[in-house]
Structures are given as C-alpha cells and as structure tokens.
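J.: File entry_28.cif follows (mmCIF, C-alpha atoms):
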data_work
#
loop_
_atom_site.label_atom_id
_atom_site.label_comp_id
_atom_site.auth_asym_id
_atom_site.auth_seq_id
_atom_site.Cartn_x
_atom_site.Cartn_y
_atom_site.Cartn_z
CA MET A 1 -22.68 -8.87 -11.82
CA ILE A 2 -20.85 -11.79 -10.27
CA ASP A 3 -23.22 -14.74 -9.87
CA LYS A 4 -23.92 -15.60 -6.23
CA LYS A 5 -24.06 -19.29 -7.14
CA HIS A 6 -20.27 -19.29 -6.70
CA ILE A 7 -20.53 -18.69 -2.93
CA GLY A 8 -18.83 -21.67 -1.31
CA MET A 9 -16.60 -22.42 -4.30
CA LYS A 10 -13.35 -24.03 -3.20
CA LEU A 11 -10.13 -23.19 -4.98
CA PRO A 12 -7.56 -25.95 -5.52
CA VAL A 13 -5.48 -26.52 -2.37
CA TYR A 14 -2.17 -24.81 -2.99
CA GLN A 15 1.24 -25.36 -1.38
CA THR A 16 4.20 -23.07 -1.70
CA LYS A 17 7.53 -22.46 -0.05
CA ALA A 18 8.59 -19.17 1.47
CA GLU A 19 12.05 -18.41 0.04
CA ALA A 20 14.62 -16.38 1.99
CA GLY A 21 15.70 -14.41 -1.10
CA GLN A 22 12.13 -13.37 -1.84
CA LEU A 23 11.65 -12.30 1.78
CA ARG A 24 14.75 -10.11 1.67
CA PHE A 25 13.62 -8.57 -1.64
CA PHE A 26 10.19 -7.88 -0.15
CA ALA A 27 11.72 -6.31 2.98
CA GLN A 28 13.95 -4.08 0.85
CA SER A 29 11.05 -3.03 -1.39
CA ILE A 30 9.10 -1.68 1.59
CA GLY A 31 12.14 0.09 3.06
CA GLU A 32 12.39 -2.29 6.01
CA THR A 33 15.26 -1.42 8.36
CA ASN A 34 14.69 -3.98 11.14
CA PRO A 35 17.54 -6.48 10.62
CA ILE A 36 15.49 -9.50 11.71
CA TYR A 37 13.69 -9.29 8.33
CA LEU A 38 16.91 -8.97 6.32
CA ASP A 39 19.65 -10.90 8.08
CA VAL A 40 19.19 -14.46 9.26
CA SER A 41 21.77 -14.12 12.03
CA ALA A 42 19.89 -11.09 13.44
CA ALA A 43 16.68 -13.12 13.24
CA ARG A 44 18.31 -16.01 15.14
CA ASP A 45 19.70 -13.62 17.77
CA ALA A 46 16.11 -12.48 18.33
CA GLY A 47 14.99 -16.07 18.89
CA HIS A 48 13.60 -16.84 15.44
CA PRO A 49 14.60 -20.07 13.65
CA ASP A 50 15.00 -18.22 10.32
CA LEU A 51 13.86 -15.02 8.57
CA PRO A 52 10.25 -14.39 9.62
CA LEU A 53 7.53 -13.73 7.06
CA PRO A 54 6.47 -10.12 7.73
CA PRO A 55 2.80 -9.54 8.60
CA THR A 56 1.41 -9.16 5.05
CA PHE A 57 3.67 -11.56 3.16
CA LEU A 58 1.19 -14.44 3.28
CA PHE A 59 -0.92 -12.40 0.87
CA SER A 60 1.96 -12.44 -1.61
CA LEU A 61 2.23 -16.20 -1.36
CA GLU A 62 -1.52 -16.58 -1.78
CA PHE A 63 -1.46 -14.22 -4.76
CA GLN A 64 0.95 -16.53 -6.58
CA ILE A 65 -1.58 -19.35 -6.71
CA PRO A 66 -0.84 -20.81 -10.15
CA SER A 67 -4.40 -21.22 -11.34
CA SER A 68 -6.47 -18.16 -12.22
CA ALA A 69 -9.29 -20.41 -13.42
CA TRP A 70 -11.48 -19.37 -10.47
CA ARG A 71 -11.42 -15.74 -11.66
CA ASP A 72 -12.51 -16.80 -15.13
CA GLU A 73 -15.21 -19.00 -13.68
CA LEU A 74 -16.60 -16.10 -11.66
CA GLY A 75 -16.33 -13.78 -14.68
CA ILE A 76 -13.81 -11.44 -13.07
CA ASP A 77 -12.09 -9.02 -15.44
CA THR A 78 -8.80 -8.07 -13.76
CA SER A 79 -8.88 -4.56 -15.26
CA ARG A 80 -12.12 -3.94 -13.33
CA ILE A 81 -11.07 -5.01 -9.85
CA LEU A 82 -9.98 -3.04 -6.83
CA HIS A 83 -8.78 -4.39 -3.53
CA GLY A 84 -11.44 -3.45 -0.98
CA GLU A 85 -10.28 -4.99 2.27
CA GLU A 86 -7.65 -7.35 3.60
CA SER A 87 -7.27 -8.92 7.01
CA PHE A 88 -5.08 -11.44 8.76
CA THR A 89 -5.64 -13.42 11.93
CA TYR A 90 -2.39 -14.89 13.21
CA HIS A 91 -1.97 -18.17 15.08
CA ARG A 92 1.79 -18.70 14.81
CA MET A 93 4.78 -17.33 12.95
CA ALA A 94 5.95 -18.60 9.57
CA TYR A 95 9.57 -18.60 8.47
CA ALA A 96 11.78 -18.86 5.40
CA GLY A 97 11.89 -22.49 4.34
CA ASP A 98 8.39 -23.30 5.58
CA THR A 99 6.02 -25.00 3.15
CA LEU A 100 2.67 -23.31 3.51
CA GLN A 101 -0.63 -24.72 2.42
CA PHE A 102 -3.53 -22.46 1.42
CA GLU A 103 -7.09 -23.77 1.57
CA THR A 104 -9.17 -21.07 -0.04
CA HIS A 105 -12.86 -20.62 -0.70
CA ILE A 106 -15.25 -17.92 -1.84
CA SER A 107 -17.19 -17.14 1.34
CA ASP A 108 -19.52 -14.43 0.07
CA ILE A 109 -20.59 -12.46 -3.01
CA TYR A 110 -22.83 -9.40 -2.83
CA ASP A 111 -23.71 -6.29 -4.83
CA LYS A 112 -23.92 -2.59 -4.05
CA LYS A 113 -25.05 0.50 -5.97
CA ALA A 114 -27.86 -1.33 -7.79
CA GLY A 115 -25.47 -3.92 -9.17
CA ALA A 116 -22.80 -1.49 -10.38
CA LEU A 117 -20.33 -3.06 -7.96
CA SER A 118 -19.89 -6.70 -6.96
CA PHE A 119 -17.97 -7.70 -3.83
CA VAL A 120 -16.22 -11.06 -3.72
CA VAL A 121 -15.05 -12.29 -0.31
CA ARG A 122 -12.28 -14.90 -0.30
CA GLN A 123 -11.01 -16.71 2.79
CA SER A 124 -7.88 -18.78 3.16
CA ARG A 125 -6.72 -21.04 5.94
CA VAL A 126 -2.94 -21.31 6.02
CA SER A 127 -1.09 -24.19 7.64
CA ASN A 128 2.56 -25.22 7.69
CA GLN A 129 4.44 -28.43 6.89
CA ARG A 130 3.69 -29.74 10.41
CA GLY A 131 -0.03 -29.22 9.88
CA GLU A 132 -0.09 -26.32 12.35
CA HIS A 133 -2.55 -23.51 11.78
CA VAL A 134 -0.51 -20.41 10.86
CA ALA A 135 -3.08 -17.79 9.90
CA ASP A 136 -6.39 -16.97 8.27
CA LEU A 137 -6.66 -14.44 5.46
CA ARG A 138 -9.78 -12.62 4.32
CA SER A 139 -9.80 -10.54 1.14
CA ILE A 140 -12.55 -8.48 -0.43
CA LEU A 141 -12.31 -7.71 -4.13
CA VAL A 142 -14.50 -5.00 -5.61
CA HIS A 143 -15.51 -5.62 -9.23
CA LYS A 144 -16.79 -2.70 -11.30
CA ASN A 145 -19.58 -4.18 -13.40
CA ALA A 146 -20.70 -1.11 -15.31
CA MET B 1 13.08 -3.11 21.28
CA ASN B 2 11.43 -1.48 24.30
CA THR B 3 8.13 -3.29 24.44
CA PRO B 4 5.32 -1.05 25.68
CA SER B 5 3.71 -2.32 28.86
CA PHE B 6 0.00 -3.06 29.10
CA ALA B 7 -0.23 -1.30 32.47
CA SER B 8 1.32 1.97 31.31
CA LEU B 9 -0.59 2.29 28.02
CA GLN B 10 -3.67 4.49 28.04
CA ILE B 11 -6.56 4.65 25.61
CA GLY B 12 -5.66 7.33 23.08
CA ASP B 13 -1.90 6.81 23.29
CA SER B 14 -0.23 7.09 19.90
CA LEU B 15 2.31 4.76 18.35
CA PRO B 16 5.50 6.37 17.02
CA ALA B 17 4.55 7.38 13.47
CA LEU B 18 6.36 5.90 10.47
CA GLN B 19 7.22 8.39 7.71
CA LEU B 20 7.89 6.97 4.25
CA PRO B 21 9.66 8.56 1.28
CA PRO B 22 7.51 9.74 -1.68
CA ILE B 23 6.09 6.95 -3.87
CA THR B 24 8.01 6.69 -7.16
CA ARG B 25 7.68 4.46 -10.21
CA THR B 26 10.73 2.61 -8.91
CA THR B 27 8.96 1.96 -5.60
CA LEU B 28 6.09 0.36 -7.50
CA ALA B 29 8.28 -1.64 -9.91
CA LEU B 30 10.28 -3.10 -7.03
CA PHE B 31 7.19 -3.84 -4.96
CA ALA B 32 5.56 -5.54 -7.96
CA GLY B 33 8.53 -7.86 -8.29
CA ALA B 34 8.97 -8.44 -4.58
CA SER B 35 5.30 -8.95 -3.73
CA GLY B 36 4.42 -11.00 -6.82
CA ASP B 37 1.57 -8.61 -7.71
CA HIS B 38 2.35 -7.84 -11.35
CA ASN B 39 -0.99 -6.17 -12.08
CA ARG B 40 -0.11 -3.74 -14.89
CA ILE B 41 -2.22 -0.94 -13.38
CA HIS B 42 0.67 -0.35 -10.95
CA ILE B 43 3.60 -0.46 -13.38
CA ASP B 44 2.51 0.33 -16.95
CA ILE B 45 1.24 3.86 -17.67
CA ASP B 46 -0.14 2.90 -21.11
CA TYR B 47 -2.23 0.16 -19.56
CA ALA B 48 -3.31 2.42 -16.68
CA ARG B 49 -4.57 5.07 -19.14
CA LYS B 50 -6.50 2.51 -21.15
CA ALA B 51 -8.11 1.39 -17.90
CA GLY B 52 -9.20 4.99 -17.24
CA ALA B 53 -6.58 6.02 -14.69
CA VAL B 54 -4.41 9.12 -15.18
CA ASP B 55 -1.28 7.20 -14.28
CA VAL B 56 -0.09 4.13 -12.43
CA PHE B 57 -0.85 4.14 -8.71
CA ALA B 58 0.38 2.28 -5.65
CA HIS B 59 -0.60 -1.24 -4.68
CA GLY B 60 -2.92 -1.23 -1.68
CA MET B 61 -0.77 -3.99 -0.21
CA LEU B 62 2.30 -1.71 -0.34
CA SER B 63 0.59 0.65 2.10
CA MET B 64 -0.57 -2.29 4.18
CA ALA B 65 3.05 -3.51 4.31
CA TYR B 66 4.05 -0.02 5.54
CA LEU B 67 1.41 -0.34 8.27
CA GLY B 68 2.93 -3.72 9.10
CA ARG B 69 6.24 -1.93 9.66
CA LEU B 70 4.47 0.57 11.93
CA LEU B 71 3.29 -2.36 14.05
CA THR B 72 6.52 -4.37 14.10
CA GLN B 73 8.65 -1.34 15.00
CA TRP B 74 6.38 -0.98 18.05
CA VAL B 75 6.03 -4.62 19.16
CA ASP B 76 7.65 -7.92 18.25
CA GLN B 77 5.68 -9.56 15.43
CA ARG B 78 5.14 -12.62 17.65
CA GLN B 79 2.74 -10.44 19.69
CA LEU B 80 0.57 -9.53 16.69
CA ARG B 81 -2.78 -11.34 16.81
CA SER B 82 -4.72 -9.70 13.98
CA PHE B 83 -4.33 -6.96 11.40
CA GLY B 84 -6.96 -5.75 8.95
CA VAL B 85 -7.53 -2.76 6.67
CA ARG B 86 -9.98 -1.15 4.29
CA PHE B 87 -8.55 0.52 1.21
CA THR B 88 -10.48 3.80 1.13
CA GLY B 89 -8.40 5.94 -1.24
CA ILE B 90 -5.82 5.67 -3.98
CA THR B 91 -2.18 6.32 -3.11
CA HIS B 92 -0.66 8.14 -6.08
CA LEU B 93 2.88 8.78 -7.30
CA GLY B 94 4.48 11.52 -5.23
CA HIS B 95 2.40 10.83 -2.16
CA GLN B 96 4.41 10.85 1.05
CA ILE B 97 2.75 8.35 3.30
CA THR B 98 2.85 8.50 7.05
CA CYS B 99 1.54 5.59 9.11
CA HIS B 100 -0.30 6.36 12.32
CA GLY B 101 -1.73 4.24 15.10
CA LYS B 102 -3.36 4.73 18.48
CA VAL B 103 -4.64 2.58 21.30
CA VAL B 104 -8.44 2.37 21.34
CA GLU B 105 -9.12 -0.54 23.69
CA LYS B 106 -7.45 -2.59 26.44
CA PHE B 107 -8.88 -6.00 27.22
CA GLU B 108 -8.16 -9.60 28.15
CA GLU B 109 -8.78 -12.46 25.75
CA ASN B 110 -7.54 -16.06 25.61
CA GLY B 111 -5.65 -15.49 28.86
CA GLU B 112 -3.68 -12.59 27.38
CA GLN B 113 -3.65 -8.87 27.96
CA ARG B 114 -4.32 -7.29 24.61
CA VAL B 115 -4.71 -3.85 23.10
CA LYS B 116 -6.65 -2.87 20.02
CA LEU B 117 -5.12 -0.25 17.78
CA GLU B 118 -6.67 1.94 15.13
CA ILE B 119 -4.23 2.43 12.30
CA GLU B 120 -4.20 4.50 9.13
CA THR B 121 -2.05 5.89 6.36
CA ARG B 122 -2.20 9.55 5.35
CA ASN B 123 -0.52 11.41 2.53
CA GLN B 124 1.25 14.79 2.89
CA TYR B 125 -2.07 16.62 2.45
CA GLY B 126 -3.60 14.80 5.40
CA ASP B 127 -5.89 12.62 3.28
CA THR B 128 -6.53 9.22 4.82
CA LYS B 129 -5.88 6.39 2.35
CA ILE B 130 -6.17 3.20 4.37
CA VAL B 131 -7.87 2.60 7.71
CA GLY B 132 -7.82 -0.48 9.82
CA ASP B 133 -7.15 -2.07 13.15
CA ALA B 134 -4.80 -4.48 14.80
CA VAL B 135 -4.73 -6.46 18.03
CA VAL B 136 -1.49 -7.08 19.89
CA ALA B 137 -0.78 -9.05 23.05
CA LEU B 138 1.36 -7.30 25.66
#
For this file, write the structure as structure tokens.
T.:
Amino acid sequence: MIDKKHIGMKLPVYQTKAEAGQLRFFAQSIGETNPIYLDVSAARDAGHPDLPLPPTFLFSLEFQIPSSAWRDELGIDTSRILHGEESFTYHRMAYAGDTLQFETHISDIYDKKAGALSFVVRQSRVSNQRGEHVADLRSILVHKNA
Amino acid sequence: MNTPSFASLQIGDSLPALQLPPITRTTLALFAGASGDHNRIHIDIDYARKAGAVDVFAHGMLSMAYLGRLLTQWVDQRQLRSFGVRFTGITHLGHQITCHGKVVEKFEENGEQRVKLEIETRNQYGDTKIVGDAVVAL
C-alpha cells in the first residue's frame, strides 16, 4: 500500500517549453485534421499567436518531468500502475514557444478493495512565462498492490 | 467552424461523432513518441506479457486526445472550460473507437452561458472505454 504520509508532498517545480515540432508530431499521431493544430499560418488566420497546445497536451509536458524520484519515494512500481482519471480546468490558452511552469503536489492517497489497490491523486497548477494561470491538472493513478 | 448557439441547443442533443481508424501497433508507437509516454506496456509485447497482459494496449491518454478532437471539431478550443475522464476499460489493438458526446446541462456561470457535455469512447462492439464530461462556453 502507498503510505498516506505522502499526502501533501510537493514535487520540484518544473519548467518546460512547448515546441512547435512536438505539437505537430502529437497532432499527426492522433489523426488531427484541423489545420490550426498543424500549420502556424492557419493558426494565425484563426486569431492564435502560434500553434495552440491541444486540450490534453499539458499532460504530455507534465509527464516529461525529469525527476521520477517522487515515484520511488512513494514506492510506486510503474509496471503496477494504471491511469484512473484525468481532468483539466482551463483558464487560458497555451501556445508553441510558451514556457510553462508546473507546480505539482500529491493531494490525496487512499485505498480500495481492502488495500489491494492504492489511489494516488496528483494536482498541478500550470502557469506561463508571464505568470498567468493557464490550467489545473488532476490525475489519479491506480497502483495494484497485490 | 459553425459554432453551435446556446439558444438552439437542447438537453440531449448529440455532438457529431468522431470515428477513428482501428488501433494498430504503429498508432501506439507514434503516440508514445509524440506524447512522451514511453511506458513499455504500450509498445513492447514482451514486456506486456511479463506484466500479465496478452498484448500491448492503447494509452488512456490517446483516447482522451481523441475526445479532445471531438470537442474541438465542435467548438473552438478557446471556449473549452474543463474536460475530465475516467478510464473504465482497456482499448486494445484492433479496436475502432468512436467518440460520442451529448448536451446534459445548460447553465450560466462566471457571466458566461455554458453547456455541460457527457462524452465517451466506444469500440466497434459498443463497449464503453472512457467516460467523462466537459464544459464549454457558448
């Protein structure tokens, strides 16, 4: 079981840049056909300053946090985890070239099925290079203990 | 894009569905690279078998990205206020996913007219794989 003492744990603040090439690759990999996600001139014609990050891409940026030390500290075995839930609350758009800062903490840990499963809830506040609040992410990981 | 109007939408109205091609190993390899999720359970059959799965299976976030396309083909992403899902089933190789959504609530919040949508993915056998909701401003 994942120890509840880790509730409240803060992960290191993490900054990363959204790259246009990665956004195009992501759009292609999900079969995107809307040109605003693939072609910067189409994005600009639609009133965007650059290629927009599609709705779930912030998760990909968060996932690339360089340190996995928090997983080790919680005792998470990556072969035993499933993604339970994911949600986004949006405050403003993010675009290629933006530097995004992730402030992440473990907001809850609980068990189900007599301890066979642990649930780890992680929340991230995302802001841009101007300090504006972009979005909040909430992820639930399910860890199979048995 | 013909933005739907708040006044004309009714509870129960459906969004135009989004039909995806069958999931292949290539789909998963490309999504692993593009999304940065290199978890071997989605790309390496030997690893998947050792972990007790019969084969590799799709990333949950791939299906969530498909649901994102369902939403952004219906409204401009700048109108999307929230988007959340629960991963209730595994999407396997060969599954043909269709994304569905319908209006379940109309309300005003923060000075905006908003609608709440229920969204889900289903495979070709009608099994629901992901359920969730989204709020858009209209």
J.: Please, what distance in Å, to one decimal, runs between CA of Phe119 (chain A) and CA of Arg71 (chain A)?
T.: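 Distance reported for this atom pair: 13.0 Å.
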J.: Could you state the separation of CA of Lys102 (chain B) and CA of Gly47 (chain A) in Å, given to one decimal place?
T.: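 Distance reported for this atom pair: 27.7 Å.
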J.: Determine the residue set returned by the PyMOL selection byres ((chain B) within 10 of (chain A)) for the present structure, and present it as a PyMOL selection string.
T.: chain B and resi 20-21+26-41+47-48+50-52+59-69+71-73+76-89+130-135
J.: Using only C-alpha atoms, find the one residue out of B:Ala7, B:Leu15, B:Ala58, B:Val136 that sits nearest to Gln96 (chain B).
T.: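 Closest residue, counting only C-alpha atoms: B:Ala58.
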J.: Could you please determine the separation between CA of Gln101 (chain A) and CA of Glu19 (chain A) in Å, to one decimal place?
T.: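 Taking CA of Gln101 (chain A) as the start and CA of Glu19 (chain A) as the end point, the length is 14.4 Å.
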J.: Using only C-alpha atoms, which residues sit within 10 Å of Thr128 (chain B) once same-chain residues fewer than 6 positions away are excluded, as a VMD selection string?
T.: chain B and resid 87 to 91 97 to 99 120 to 122
J.: Please write as number ranges by chain the full residue list that the PyMOL selection byres ((chain B and resi 56) around 7) yields on this file.
T.: B: 41-45, 48, 55, 57
J.: For the PyMOL selection byres ((chain B and resi 114) around 7), applied here, can you spell out every residue it catches as a PyMOL selection string?
T.: chain B and resi 106-109+112-113+115-116+135-138
J.: Counting all atoms listed in the file, which of B:Pro4, B:Gly111, B:Gly126, B:Pro22 gets nearest to Leu93 (chain B)?
T.: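 Once distances to Leu93 (chain B) are computed over all atoms listed in the file, the minimum belongs to B:Pro22.
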J.: What's the 8 Å shell around Val40 (chain A), counting only C-alpha atoms, without same-chain residues fewer than 4 positions away, as a PDB file with C-alpha atoms, in the frame of the given file?
T.:
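Everything below was put into out_15.pdb:
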ATOM      1  CA  ILE A  36      15.490  -9.500  11.710  1.00  0.00           C
ATOM      2  CA  ARG A  44      18.310 -16.010  15.140  1.00  0.00           C
ATOM      3  CA  ASP A  50      15.000 -18.220  10.320  1.00  0.00           C
ATOM      4  CA  LEU A  51      13.860 -15.020   8.570  1.00  0.00           C
TER       5      LEU A  51
END
J.: Can you pull out every residue within 10 Å of Leu9 (chain B), counting all atoms listed in the file, but drop anything in the same chain fewer than 3 positions away, and send it as a list in words?
T.: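 Here the qualifying residues turn out to be Pro4, Ser5, Phe6, Gly12, Asp13, Ser14, Val103, Glu105, Lys106 and Val115 of chain B.
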